[in-house]
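*Asks:* The following file, run-v4.pdb, comprises PDB, C-alpha atoms:
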```pdb
ATOM      1  CA  MET I   3    -102.661-116.745   7.703
ATOM      2  CA  PRO I   4     -99.213-115.772   9.014
ATOM      3  CA  SER I   5     -96.620-114.954   6.414
ATOM      4  CA  PRO I   6     -94.192-117.781   5.600
ATOM      5  CA  ILE I   7     -91.273-115.527   6.601
ATOM      6  CA  PHE I   8     -92.219-116.040  10.242
ATOM      7  CA  GLY I   9     -90.839-118.932  12.243
ATOM      8  CA  ASP I  10     -92.809-121.329  14.449
ATOM      9  CA  ALA I  11     -92.503-119.109  17.535
ATOM     10  CA  GLY I  12     -93.840-116.188  15.546
ATOM     11  CA  ASN I  13     -96.760-118.225  14.222
ATOM     12  CA  VAL I  14     -97.783-119.166  17.766
ATOM     13  CA  GLN I  15     -97.762-115.509  18.828
ATOM     14  CA  VAL I  16     -99.665-114.491  15.706
ATOM     15  CA  ARG I  17    -102.415-117.037  16.367
ATOM     16  CA  GLU I  18    -102.789-115.798  19.949
ATOM     17  CA  LEU I  19    -103.113-112.184  18.798
ATOM     18  CA  GLY I  20    -105.192-112.847  15.684
ATOM     19  CA  SER I  21    -108.662-112.864  17.232
ATOM     20  CA  GLN I  22    -107.937-109.828  19.434
ATOM     21  CA  ALA I  23    -106.478-107.919  16.487
ATOM     22  CA  ALA I  24    -109.535-108.615  14.333
ATOM     23  CA  GLU I  25    -111.902-107.473  17.098
ATOM     24  CA  LEU I  26    -109.956-104.302  17.854
ATOM     25  CA  SER I  27    -109.627-103.516  14.161
ATOM     26  CA  GLY I  28    -113.415-103.383  13.966
ATOM     27  CA  ILE I  29    -113.592-101.046  16.969
ATOM     28  CA  LEU I  30    -110.938 -98.749  15.503
ATOM     29  CA  GLU I  31    -112.752 -98.747  12.173
ATOM     30  CA  GLY I  32    -115.770 -97.477  14.089
ATOM     31  CA  VAL I  33    -113.649 -94.622  15.443
ATOM     32  CA  GLN I  34    -112.513 -93.749  11.925
ATOM     33  CA  ALA I  35    -116.089 -93.895  10.631
ATOM     34  CA  GLU I  36    -117.276 -91.509  13.350
ATOM     35  CA  ILE I  37    -114.498 -89.034  12.527
ATOM     36  CA  ARG I  38    -115.370 -89.267   8.815
ATOM     37  CA  ARG I  39    -118.950 -88.248   9.656
ATOM     38  CA  HIS I  40    -117.540 -84.844  10.530
ATOM     39  CA  ILE I  41    -114.428 -84.630   8.334
ATOM     40  CA  VAL I  42    -114.727 -85.138   4.585
ATOM     41  CA  GLY I  43    -111.831 -85.732   2.209
ATOM     42  CA  GLN I  44    -109.049 -86.503   4.687
ATOM     43  CA  ASP I  45    -109.356 -90.283   5.019
ATOM     44  CA  ARG I  46    -105.619 -90.900   4.713
ATOM     45  CA  ALA I  47    -104.748 -88.247   7.302
ATOM     46  CA  ILE I  48    -107.373 -89.637   9.700
ATOM     47  CA  HIS I  49    -105.965 -93.157   9.312
ATOM     48  CA  SER I  50    -102.413 -91.887   9.890
ATOM     49  CA  ILE I  51    -103.400 -89.957  13.031
ATOM     50  CA  LEU I  52    -105.149 -93.017  14.446
ATOM     51  CA  THR I  53    -102.128 -95.169  13.564
ATOM     52  CA  SER I  54     -99.874 -92.805  15.505
ATOM     53  CA  LEU I  55    -102.280 -92.773  18.464
ATOM     54  CA  VAL I  56    -102.314 -96.590  18.593
ATOM     55  CA  ALA I  57     -98.506 -96.589  18.372
ATOM     56  CA  GLY I  58     -98.315 -94.071  21.237
ATOM     57  CA  GLY I  59     -96.728 -91.301  19.161
ATOM     58  CA  HIS I  60     -97.401 -87.619  18.528
ATOM     59  CA  VAL I  61     -98.459 -86.017  15.247
ATOM     60  CA  LEU I  62     -97.269 -83.016  13.244
ATOM     61  CA  LEU I  63     -99.803 -81.852  10.649
ATOM     62  CA  GLU I  64     -98.717 -79.554   7.843
ATOM     63  CA  GLY I  65    -101.121 -77.921   5.443
ATOM     64  CA  VAL I  66    -102.605 -74.600   4.405
ATOM     65  CA  PRO I  67    -105.393 -73.090   6.552
ATOM     66  CA  GLY I  68    -108.934 -74.388   6.137
ATOM     67  CA  LEU I  69    -108.215 -78.107   5.666
ATOM     68  CA  ALA I  70    -109.920 -79.282   8.901
ATOM     69  CA  LYS I  71    -106.747 -79.954  10.881
ATOM     70  CA  THR I  72    -108.370 -78.615  14.053
ATOM     71  CA  GLY I  73    -111.588 -80.454  13.222
ATOM     72  CA  MET I  74    -109.773 -83.783  12.940
ATOM     73  CA  ALA I  75    -108.219 -83.378  16.381
ATOM     74  CA  ARG I  76    -111.518 -82.355  17.965
ATOM     75  CA  ALA I  77    -113.444 -85.184  16.287
ATOM     76  CA  LEU I  78    -110.842 -87.734  17.410
ATOM     77  CA  ALA I  79    -111.143 -86.571  21.015
ATOM     78  CA  GLY I  80    -114.917 -86.875  20.822
ATOM     79  CA  ALA I  81    -114.830 -90.328  19.223
ATOM     80  CA  ILE I  82    -112.546 -91.758  21.910
ATOM     81  CA  ASP I  83    -114.304 -89.794  24.678
ATOM     82  CA  VAL I  84    -111.312 -87.975  26.199
ATOM     83  CA  ASP I  85    -110.777 -84.357  27.206
ATOM     84  CA  PHE I  86    -109.404 -81.982  24.591
ATOM     85  CA  ALA I  87    -107.526 -78.674  24.749
ATOM     86  CA  ARG I  88    -106.562 -76.324  21.940
ATOM     87  CA  ILE I  89    -103.519 -74.111  22.477
ATOM     88  CA  GLN I  90    -103.135 -71.264  19.991
ATOM     89  CA  PHE I  91     -99.395 -70.669  19.707
ATOM     90  CA  THR I  92     -98.465 -66.989  19.418
ATOM     91  CA  PRO I  93     -95.174 -65.058  19.761
ATOM     92  CA  ASP I  94     -96.147 -63.808  23.239
ATOM     93  CA  LEU I  95     -96.953 -67.265  24.656
ATOM     94  CA  LEU I  96     -95.025 -68.306  27.788
ATOM     95  CA  PRO I  97     -94.084 -71.830  28.966
ATOM     96  CA  ALA I  98     -96.329 -71.353  32.008
ATOM     97  CA  ASP I  99     -99.277 -70.837  29.642
ATOM     98  CA  ILE I 100     -98.816 -74.458  28.578
ATOM     99  CA  LEU I 101     -97.531 -76.220  31.670
ATOM    100  CA  GLY I 102     -99.124 -74.202  34.463
ATOM    101  CA  THR I 103     -97.551 -72.463  37.425
ATOM    102  CA  ARG I 104     -97.514 -72.089  41.209
ATOM    103  CA  VAL I 105     -99.984 -69.542  42.598
ATOM    104  CA  TYR I 106    -100.447 -68.163  46.095
ATOM    105  CA  ASP I 107    -103.700 -69.088  47.778
ATOM    106  CA  ALA I 108    -104.502 -66.280  50.228
ATOM    107  CA  ALA I 109    -107.196 -68.308  51.960
ATOM    108  CA  SER I 110    -104.835 -71.114  52.971
ATOM    109  CA  GLY I 111    -101.677 -69.019  53.125
ATOM    110  CA  SER I 112     -99.808 -71.472  50.891
ATOM    111  CA  PHE I 113     -98.888 -72.046  47.264
ATOM    112  CA  ARG I 114    -100.740 -74.482  45.055
ATOM    113  CA  THR I 115    -100.075 -75.797  41.563
ATOM    114  CA  GLU I 116    -102.361 -74.462  38.856
ATOM    115  CA  ARG I 117    -102.178 -76.967  36.008
ATOM    116  CA  GLY I 118    -102.109 -75.787  32.405
ATOM    117  CA  PRO I 119    -103.781 -77.212  29.298
ATOM    118  CA  ILE I 120    -100.992 -79.776  28.820
ATOM    119  CA  PHE I 121    -102.813 -81.942  31.351
ATOM    120  CA  HIS I 122    -105.578 -82.764  28.883
ATOM    121  CA  ARG I 123    -105.371 -86.067  27.016
ATOM    122  CA  ILE I 124    -105.470 -84.688  23.470
ATOM    123  CA  ILE I 125    -103.669 -81.408  22.855
ATOM    124  CA  LEU I 126    -103.979 -79.411  19.664
ATOM    125  CA  ALA I 127    -100.879 -77.206  19.406
ATOM    126  CA  ASP I 128    -102.220 -74.908  16.702
ATOM    127  CA  GLU I 129     -99.590 -73.189  14.520
ATOM    128  CA  ILE I 130     -96.825 -74.442  16.772
ATOM    129  CA  ASN I 131     -94.154 -72.657  14.741
ATOM    130  CA  ARG I 132     -95.537 -69.233  15.747
ATOM    131  CA  ALA I 133     -94.171 -69.508  19.298
ATOM    132  CA  PRO I 134     -90.483 -68.952  20.166
ATOM    133  CA  PRO I 135     -88.252 -71.997  20.776
ATOM    134  CA  LYS I 136     -88.389 -71.584  24.565
ATOM    135  CA  VAL I 137     -92.134 -72.185  24.489
ATOM    136  CA  GLN I 138     -91.900 -74.992  21.950
ATOM    137  CA  SER I 139     -89.338 -76.724  24.142
ATOM    138  CA  ALA I 140     -91.842 -76.700  27.013
ATOM    139  CA  LEU I 141     -93.546 -79.538  25.191
ATOM    140  CA  LEU I 142     -90.416 -81.686  24.959
ATOM    141  CA  GLU I 143     -90.620 -83.303  28.385
ATOM    142  CA  ALA I 144     -94.348 -83.880  28.049
ATOM    143  CA  MET I 145     -94.011 -85.497  24.619
ATOM    144  CA  GLN I 146     -91.028 -87.669  25.459
ATOM    145  CA  GLU I 147     -91.554 -88.565  29.119
ATOM    146  CA  GLY I 148     -95.310 -88.188  29.588
ATOM    147  CA  GLN I 149     -94.815 -85.779  32.475
ATOM    148  CA  ALA I 150     -94.543 -82.062  33.185
ATOM    149  CA  SER I 151     -92.292 -80.223  35.640
ATOM    150  CA  ILE I 152     -93.691 -77.114  37.328
ATOM    151  CA  HIS I 153     -91.325 -75.277  39.679
ATOM    152  CA  GLY I 154     -89.512 -78.464  40.623
ATOM    153  CA  GLU I 155     -92.663 -80.587  40.951
ATOM    154  CA  THR I 156     -92.888 -83.435  38.417
ATOM    155  CA  ILE I 157     -96.458 -84.440  37.606
ATOM    156  CA  PRO I 158     -97.393 -87.451  35.385
ATOM    157  CA  LEU I 159     -99.716 -86.672  32.490
ATOM    158  CA  PRO I 160    -102.986 -88.577  32.066
ATOM    159  CA  GLY I 161    -103.127 -91.251  29.402
ATOM    160  CA  PRO I 162    -103.692 -91.739  26.600
ATOM    161  CA  PHE I 163    -101.770 -88.555  25.833
ATOM    162  CA  LEU I 164    -101.478 -87.234  22.283
ATOM    163  CA  VAL I 165    -100.090 -83.958  20.945
ATOM    164  CA  ILE I 166    -101.348 -82.958  17.496
ATOM    165  CA  ALA I 167     -99.389 -79.940  16.290
ATOM    166  CA  THR I 168    -100.161 -77.958  13.150
ATOM    167  CA  GLN I 169     -98.036 -75.647  11.075
ATOM    168  CA  ASN I 170     -98.762 -73.514   8.042
ATOM    169  CA  PRO I 171     -96.178 -73.988   5.243
ATOM    170  CA  LEU I 172     -97.100 -70.773   3.415
ATOM    171  CA  GLU I 173     -96.136 -68.036   5.863
ATOM    172  CA  ASP I 174     -92.667 -67.228   7.209
ATOM    173  CA  GLU I 175     -93.412 -63.878   8.877
ATOM    174  CA  GLY I 176     -93.848 -64.263  12.641
ATOM    175  CA  THR I 177     -92.809 -67.922  12.650
ATOM    176  CA  PHE I 178     -89.918 -69.777  14.269
ATOM    177  CA  ARG I 179     -88.175 -72.893  12.995
ATOM    178  CA  LEU I 180     -88.963 -75.903  15.183
ATOM    179  CA  PRO I 181     -85.878 -77.216  17.002
ATOM    180  CA  GLU I 182     -84.675 -80.473  15.460
ATOM    181  CA  ALA I 183     -84.854 -82.179  18.864
ATOM    182  CA  GLN I 184     -88.545 -81.345  19.040
ATOM    183  CA  VAL I 185     -89.326 -82.310  15.455
ATOM    184  CA  ASP I 186     -87.798 -85.727  16.118
ATOM    185  CA  ARG I 187     -90.246 -86.230  19.025
ATOM    186  CA  PHE I 188     -93.150 -86.339  16.587
ATOM    187  CA  ALA I 189     -93.727 -89.931  15.535
ATOM    188  CA  VAL I 190     -95.177 -88.847  12.200
ATOM    189  CA  LYS I 191     -95.491 -85.791  10.010
ATOM    190  CA  ILE I 192     -98.641 -85.839   7.897
ATOM    191  CA  MET I 193     -99.130 -83.641   4.860
ATOM    192  CA  VAL I 194    -102.765 -82.505   4.654
ATOM    193  CA  GLY I 195    -103.884 -81.769   1.098
ATOM    194  CA  TYR I 196    -106.916 -80.329  -0.647
ATOM    195  CA  PRO I 197    -110.079 -82.431  -1.040
ATOM    196  CA  SER I 198    -111.322 -83.565  -4.427
ATOM    197  CA  ARG I 199    -114.116 -81.641  -6.171
ATOM    198  CA  GLU I 200    -116.734 -84.183  -5.078
ATOM    199  CA  GLU I 201    -115.464 -84.087  -1.512
ATOM    200  CA  GLU I 202    -115.562 -80.303  -1.493
ATOM    201  CA  VAL I 203    -119.187 -80.371  -2.612
ATOM    202  CA  ALA I 204    -119.940 -82.678   0.331
ATOM    203  CA  ILE I 205    -118.115 -80.275   2.685
ATOM    204  CA  ILE I 206    -120.220 -77.365   1.442
ATOM    205  CA  GLU I 207    -123.467 -79.309   1.827
ATOM    206  CA  MET I 208    -122.685 -80.496   5.373
ATOM    207  CA  ASP I 209    -121.824 -76.988   6.597
ATOM    208  CA  GLY I 210    -123.814 -76.242   9.735
ATOM    209  CA  GLY I 211    -124.371 -79.908  10.563
ATOM    210  CA  SER I 212    -123.488 -81.782  13.749
ATOM    211  CA  LYS I 213    -120.252 -80.537  15.305
ATOM    212  CA  GLU I 214    -119.740 -83.016  18.138
ATOM    213  CA  ALA I 215    -118.443 -86.529  17.513
ATOM    214  CA  ARG I 216    -120.185 -89.315  19.412
ATOM    215  CA  PRO I 217    -118.087 -91.507  21.731
ATOM    216  CA  VAL I 218    -117.232 -94.885  20.207
ATOM    217  CA  VAL I 219    -114.633 -96.022  22.756
ATOM    218  CA  ASP I 220    -113.090 -94.448  25.838
ATOM    219  CA  GLY I 221    -109.559 -93.628  26.931
ATOM    220  CA  ALA I 222    -109.152 -96.920  28.808
ATOM    221  CA  ASP I 223    -110.001 -98.833  25.620
ATOM    222  CA  ILE I 224    -107.355 -96.890  23.689
ATOM    223  CA  GLN I 225    -104.745 -97.690  26.324
ATOM    224  CA  LYS I 226    -105.582-101.399  25.942
ATOM    225  CA  VAL I 227    -105.197-101.065  22.174
ATOM    226  CA  GLN I 228    -101.840 -99.344  22.638
ATOM    227  CA  ALA I 229    -100.656-102.163  24.904
ATOM    228  CA  LEU I 230    -101.743-104.779  22.373
ATOM    229  CA  SER I 231    -100.016-102.874  19.572
ATOM    230  CA  ARG I 232     -96.685-103.342  21.326
ATOM    231  CA  GLN I 233     -97.291-107.116  21.286
ATOM    232  CA  VAL I 234     -97.911-107.373  17.537
ATOM    233  CA  TYR I 235     -95.342-109.842  16.225
ATOM    234  CA  ALA I 236     -92.482-108.553  14.090
ATOM    235  CA  ASP I 237     -89.972-111.124  12.900
ATOM    236  CA  GLY I 238     -86.251-110.453  12.901
ATOM    237  CA  VAL I 239     -86.282-110.074   9.137
ATOM    238  CA  ILE I 240     -88.681-107.146   9.515
ATOM    239  CA  SER I 241     -86.353-105.532  12.057
ATOM    240  CA  ARG I 242     -83.458-105.897   9.617
ATOM    241  CA  TYR I 243     -85.609-104.469   6.812
ATOM    242  CA  VAL I 244     -86.370-101.388   8.933
ATOM    243  CA  ALA I 245     -82.688-101.010   9.828
ATOM    244  CA  ASP I 246     -81.717-101.295   6.145
ATOM    245  CA  ILE I 247     -84.160 -98.521   5.229
ATOM    246  CA  ALA I 248     -82.739 -96.216   7.904
ATOM    247  CA  ALA I 249     -79.162 -97.059   6.891
ATOM    248  CA  ALA I 250     -79.922 -96.222   3.262
ATOM    249  CA  THR I 251     -80.913 -92.675   4.267
ATOM    250  CA  ARG I 252     -77.574 -92.210   6.059
ATOM    251  CA  ASP I 253     -75.328 -93.869   3.470
ATOM    252  CA  PRO I 254     -77.192 -93.863   0.159
ATOM    253  CA  ALA I 255     -74.087 -94.729  -1.859
ATOM    254  CA  GLY I 256     -73.538 -97.846   0.268
ATOM    255  CA  SER I 257     -77.059 -98.967  -0.670
ATOM    256  CA  GLY I 258     -76.531 -98.304  -4.354
ATOM    257  CA  LEU I 259     -78.506 -95.060  -4.469
ATOM    258  CA  ASP I 260     -77.414 -92.168  -6.675
ATOM    259  CA  LEU I 261     -77.999 -89.428  -4.079
ATOM    260  CA  ASP I 262     -74.433 -88.233  -3.598
ATOM    261  CA  GLY I 263     -74.376 -84.923  -1.742
ATOM    262  CA  ALA I 264     -78.177 -84.752  -1.458
ATOM    263  CA  ILE I 265     -78.678 -85.823   2.167
ATOM    264  CA  GLN I 266     -77.238 -83.758   5.000
ATOM    265  CA  HIS I 267     -78.586 -85.973   7.801
ATOM    266  CA  GLY I 268     -80.383 -89.293   7.519
ATOM    267  CA  ALA I 269     -82.901 -90.959   9.791
ATOM    268  CA  SER I 270     -81.893 -91.470  13.424
ATOM    269  CA  PRO I 271     -82.302 -94.694  15.423
ATOM    270  CA  ARG I 272     -85.405 -93.096  16.937
ATOM    271  CA  ALA I 273     -86.817 -93.062  13.410
ATOM    272  CA  SER I 274     -86.203 -96.813  13.151
ATOM    273  CA  VAL I 275     -88.012 -97.376  16.455
ATOM    274  CA  TRP I 276     -91.025 -95.367  15.326
ATOM    275  CA  LEU I 277     -91.014 -97.033  11.937
ATOM    276  CA  MET I 278     -91.472-100.365  13.698
ATOM    277  CA  ARG I 279     -93.996 -99.069  16.232
ATOM    278  CA  THR I 280     -96.209 -97.488  13.597
ATOM    279  CA  ALA I 281     -95.878-100.562  11.371
ATOM    280  CA  ARG I 282     -97.186-102.655  14.283
ATOM    281  CA  ALA I 283    -100.075-100.218  14.754
ATOM    282  CA  HIS I 284    -100.804-100.288  11.021
ATOM    283  CA  ALA I 285    -100.966-104.086  11.115
ATOM    284  CA  LEU I 286    -103.339-103.956  14.094
ATOM    285  CA  LEU I 287    -105.603-101.489  12.298
ATOM    286  CA  ASP I 288    -105.635-103.962   9.414
ATOM    287  CA  GLY I 289    -106.778-106.726  11.771
ATOM    288  CA  ARG I 290    -103.493-108.638  11.868
ATOM    289  CA  GLY I 291    -101.289-109.754  14.749
ATOM    290  CA  PHE I 292     -98.085-109.639  12.702
ATOM    291  CA  VAL I 293     -96.121-107.082  10.683
ATOM    292  CA  MET I 294     -95.595-107.409   6.949
ATOM    293  CA  PRO I 295     -93.173-105.399   4.766
ATOM    294  CA  GLU I 296     -96.231-103.646   3.333
ATOM    295  CA  ASP I 297     -96.949-102.177   6.781
ATOM    296  CA  VAL I 298     -93.461-100.689   6.915
ATOM    297  CA  LYS I 299     -93.847 -99.201   3.437
ATOM    298  CA  ALA I 300     -97.286 -97.791   4.317
ATOM    299  CA  VAL I 301     -95.957 -95.722   7.236
ATOM    300  CA  ALA I 302     -92.462 -94.926   5.918
ATOM    301  CA  HIS I 303     -93.261 -91.523   4.412
ATOM    302  CA  ASP I 304     -95.031 -90.202   7.506
ATOM    303  CA  VAL I 305     -92.288 -91.435   9.847
ATOM    304  CA  LEU I 306     -89.272 -90.373   7.789
ATOM    305  CA  ARG I 307     -90.169 -87.184   5.905
ATOM    306  CA  HIS I 308     -89.373 -84.874   8.841
ATOM    307  CA  ARG I 309     -86.243 -86.792   9.845
ATOM    308  CA  ILE I 310     -84.341 -86.564   6.548
ATOM    309  CA  MET I 311     -82.499 -83.273   6.096
ATOM    310  CA  LEU I 312     -81.476 -82.437   2.547
ATOM    311  CA  THR I 313     -78.618 -80.201   1.511
ATOM    312  CA  PHE I 314     -79.344 -76.732   0.150
ATOM    313  CA  GLU I 315     -78.204 -77.832  -3.300
ATOM    314  CA  ALA I 316     -80.600 -80.777  -3.332
ATOM    315  CA  GLU I 317     -83.528 -78.587  -2.325
ATOM    316  CA  ALA I 318     -82.567 -76.040  -4.969
ATOM    317  CA  ASP I 319     -82.691 -78.846  -7.536
ATOM    318  CA  GLY I 320     -86.249 -79.657  -6.469
ATOM    319  CA  LEU I 321     -85.523 -82.812  -4.462
ATOM    320  CA  ARG I 322     -87.827 -83.440  -1.516
ATOM    321  CA  PRO I 323     -87.651 -85.948   1.355
ATOM    322  CA  GLU I 324     -90.549 -87.861  -0.209
ATOM    323  CA  GLY I 325     -88.426 -88.425  -3.307
ATOM    324  CA  VAL I 326     -85.591 -89.799  -1.194
ATOM    325  CA  ILE I 327     -87.981 -92.134   0.638
ATOM    326  CA  ASP I 328     -89.430 -93.366  -2.658
ATOM    327  CA  ALA I 329     -85.925 -94.109  -3.924
ATOM    328  CA  VAL I 330     -84.958 -95.905  -0.700
ATOM    329  CA  LEU I 331     -88.082 -98.086  -0.671
ATOM    330  CA  ALA I 332     -87.549 -98.963  -4.321
ATOM    331  CA  ARG I 333     -83.894 -99.886  -3.710
ATOM    332  CA  VAL I 334     -83.992-101.739  -0.376
ATOM    333  CA  PRO I 335     -85.360-105.241  -1.036
ATOM    334  CA  PRO I 336     -88.175-106.357   1.302
ATOM    335  CA  PRO I 337     -87.922-109.795   2.962
TER     336      PRO I 337
END
```
Would you write the structure of this file as structure tokens?

*Replies:*
Amino acid sequence: MPSPIFGDAGNVQVRELGSQAAELSGILEGVQAEIRRHIVGQDRAIHSILTSLVAGGHVLLEGVPGLAKTGMARALAGAIDVDFARIQFTPDLLPADILGTRVYDAASGSFRTERGPIFHRIILADEINRAPPKVQSALLEAMQEGQASIHGETIPLPGPFLVIATQNPLEDEGTFRLPEAQVDRFAVKIMVGYPSREEEVAIIEMDGGSKEARPVVDGADIQKVQALSRQVYADGVISRYVADIAAATRDPAGSGLDLDGAIQHGASPRASVWLMRTARAHALLDGRGFVMPEDVKAVAHDVLRHRIMLTFEAEADGLRPEGVIDAVLARVPPP
């Protein structure tokens, strides 16, 4: 049943979306189940990636090598039956290697556009921080606008379009810091951790098994899910709750938080937008046509952790963005 915090207009919209949300939730659960057939021990990361896909946002994965980050991206592409491209970022990579270029066709005596891997629907940007900023910035237009410009020609990208970028937190040699403008284009940043002992045993035993995920839905189905996600009802009190959370990261003292001098930059308005979008997607994955405060809390860490910049002193004292988010969620009262 709809939450009592929603007004009559909201309840009408919730009832209209309820049956569709429940049906689509079952389909999306099938996608998750198919990915889990190939990836063991990363259930939370898989759910977060699918949440971002439904919300229409891109994903930044951070974790040490060997945690199936590439496997998750490949399995997702197989489960939703869309084309997939893996781009290995290296220091010698050029923007044209991603976007494509104009080449001379001797047979016709004219130039034609040779499209790069960015024109696939799911892109794995592997070790994105190993390429120089000029190459990383080649993704900005594609991620934000859903299009690519090649020698003055602007070409729309096929949908659904999802960039899954990975970075290794252990190595600094041969890496480049991601520009803040690009980091902010990722809807979520997901921390990929080690599996449990039991999960690792299962990984060892399944080694050499099936590598290809079976299609559960297709790209057109995902686009319908994305459109429905934007219709999930969020009452005004939820919007104010999201705004209060973002405001608390910018002015912690004004929200009663003892974080003086710890935060250099708080969450931007884009963070608030993605907090709401992913909360809607989270509700849809849960089979609901309305957003609850619990949905906002469930996605807050993934949406905010890469958008809160701490001061050097705070980092030296061991404070991390996750600690700030925990404090904010504990302090800001939900509706």

*Asks:* I would like the residues chosen by the PyMOL selection byres ((chain I and resi 32) around 12) on the shown file; could you give them as a short mmCIF file (atom, residue, chain, number, x, y, z; two decimals) with C-alpha atoms, in the frame of the given file?

*Replies:*
```cif
data_model
loop_
_atom_site.label_atom_id
_atom_site.label_comp_id
_atom_site.auth_asym_id
_atom_site.auth_seq_id
_atom_site.Cartn_x
_atom_site.Cartn_y
_atom_site.Cartn_z
CA GLU I 25 -111.90 -107.47 17.10
CA LEU I 26 -109.96 -104.30 17.85
CA SER I 27 -109.63 -103.52 14.16
CA GLY I 28 -113.42 -103.38 13.97
CA ILE I 29 -113.59 -101.05 16.97
CA LEU I 30 -110.94 -98.75 15.50
CA GLU I 31 -112.75 -98.75 12.17
CA VAL I 33 -113.65 -94.62 15.44
CA GLN I 34 -112.51 -93.75 11.92
CA ALA I 35 -116.09 -93.90 10.63
CA GLU I 36 -117.28 -91.51 13.35
CA ILE I 37 -114.50 -89.03 12.53
CA ARG I 38 -115.37 -89.27 8.82
CA ARG I 39 -118.95 -88.25 9.66
CA HIS I 49 -105.96 -93.16 9.31
CA LEU I 52 -105.15 -93.02 14.45
CA LEU I 78 -110.84 -87.73 17.41
CA ALA I 81 -114.83 -90.33 19.22
CA ILE I 82 -112.55 -91.76 21.91
CA ALA I 215 -118.44 -86.53 17.51
CA ARG I 216 -120.18 -89.32 19.41
CA PRO I 217 -118.09 -91.51 21.73
CA VAL I 218 -117.23 -94.88 20.21
CA VAL I 219 -114.63 -96.02 22.76
CA LEU I 287 -105.60 -101.49 12.30
#
```

*Asks:* Please report the interatomic distance between atom CA of Val334 of chain I and atom CA of Gly238 of chain I in Å with one decimal.

*Replies:* 16.0 Å

*Asks:* Of the candidates I:Arg179, I:His60, I:Arg232, I:His284, which shows the shortest atom-to-atom distance to Ala300 of chain I, using all atoms listed in the file?

*Replies:*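 When distances to Ala300 of chain I are compared using all atoms listed in the file, the smallest one comes from I:His284.
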
*Asks:* Taking (-95.4, -64.1, 18.4) in the file's coordinates as the center, which residues reach within 9 Å of it, counting all atoms listed in the file, put as number ranges by chain?

*Replies:* I: 91-95, 132-134, 176-178

*Asks:* With C-alpha atoms retained, write the just-selected residues as a compact mmCIF listing (two decimals), in the coordinates of the input.

*Replies:*
```txt
# COMPACT_ATOMS: atom_id res chain seq x y z
CA PHE I 91 -99.40 -70.67 19.71
CA THR I 92 -98.46 -66.99 19.42
CA PRO I 93 -95.17 -65.06 19.76
CA ASP I 94 -96.15 -63.81 23.24
CA LEU I 95 -96.95 -67.26 24.66
CA ARG I 132 -95.54 -69.23 15.75
CA ALA I 133 -94.17 -69.51 19.30
CA PRO I 134 -90.48 -68.95 20.17
CA GLY I 176 -93.85 -64.26 12.64
CA THR I 177 -92.81 -67.92 12.65
CA PHE I 178 -89.92 -69.78 14.27
```

*Asks:* Let me have the centre and edge lengths of the axis-aligned box enclosing all listed atoms of segment 115-128 of chain I with 5 Å padding on every side, in Å to one decimal, as JSON.

*Replies:*
```
{"center_x": -102.8, "center_y": -80.3, "center_z": 29.1, "size_x": 15.5, "size_y": 21.6, "size_z": 34.9}
```

*Asks:* Between atom CA of Val227 of chain I and atom CA of Trp276 of chain I, what is the distance in Å, rounded to a tenth?

*Replies:* 16.7 Å

*Asks:* Care to translate the PyMOL selection byres ((chain I and resi 76) around 9) into actual residues of this file, as an NGL selection string?

*Replies:* :I and (71-75 or 77-81 or 86-88 or 124 or 126 or 214-215)

*Asks:* For Phe113 of chain I, which residue among I:Arg46, I:Lys213, I:Arg322, I:His153 is the nearest when counting all atoms listed in the file?

*Replies:* I:His153

*Asks:* Residues within 8 Å of Lys191 of chain I, please, as a ChimeraX atom specification. Count all atoms listed in the file; anything in the same chain fewer than 6 positions from it doesn't count.

*Replies:* /I:61-64,304-305,307-308

*Asks:* List the neighbours of Ile125 of chain I out to 7 Å using all atoms listed in the file; skip same-chain residues closer than 2 positions along the sequence, and give me the result as a short mmCIF file (atom, residue, chain, number, x, y, z; two decimals) with C-alpha atoms, keeping the file's coordinate frame.

*Replies:*
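Result file around.cif:
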```
data_model
loop_
_atom_site.label_atom_id
_atom_site.label_comp_id
_atom_site.auth_asym_id
_atom_site.auth_seq_id
_atom_site.Cartn_x
_atom_site.Cartn_y
_atom_site.Cartn_z
CA PHE I 86 -109.40 -81.98 24.59
CA ALA I 87 -107.53 -78.67 24.75
CA ARG I 88 -106.56 -76.32 21.94
CA ILE I 120 -100.99 -79.78 28.82
CA HIS I 122 -105.58 -82.76 28.88
CA ARG I 123 -105.37 -86.07 27.02
CA ALA I 127 -100.88 -77.21 19.41
CA LEU I 164 -101.48 -87.23 22.28
CA VAL I 165 -100.09 -83.96 20.94
CA ILE I 166 -101.35 -82.96 17.50
#
```

*Asks:* Could you expand the PyMOL selection byres ((chain I and resi 241) around 12) into the explicit residues it covers here, written as JSON, numbers by chain?

*Replies:* {"I": [235, 236, 237, 238, 239, 240, 242, 243, 244, 245, 246, 247, 248, 274, 275, 276, 277, 278, 279, 281, 282, 293, 294, 295, 298, 336, 337]}

*Asks:* Let me make sure I understand: among I:Ser54, I:Ser231, I:Asn131, I:Thr103, which one has the smallest atom-to-atom distance to Pro119 of chain I if we use all atoms listed in the file?

*Replies:*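 When distances to Pro119 of chain I are compared using all atoms listed in the file, the smallest one comes from I:Thr103.
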
*Asks:* Between atom CA of Ala150 of chain I and atom CA of Leu101 of chain I, what is the distance, to one decimal in Å?

*Replies:* 6.7 Å

*Asks:* Go through I:Ile205, I:Gln90, I:Tyr106, I:Val234 and flag the residue nearest Asp288 of chain I, using only C-alpha atoms for the distances.

*Replies:*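 Ranking I:Ile205, I:Gln90, I:Tyr106, I:Val234 by distance to Asp288 of chain I, first place goes to I:Val234.
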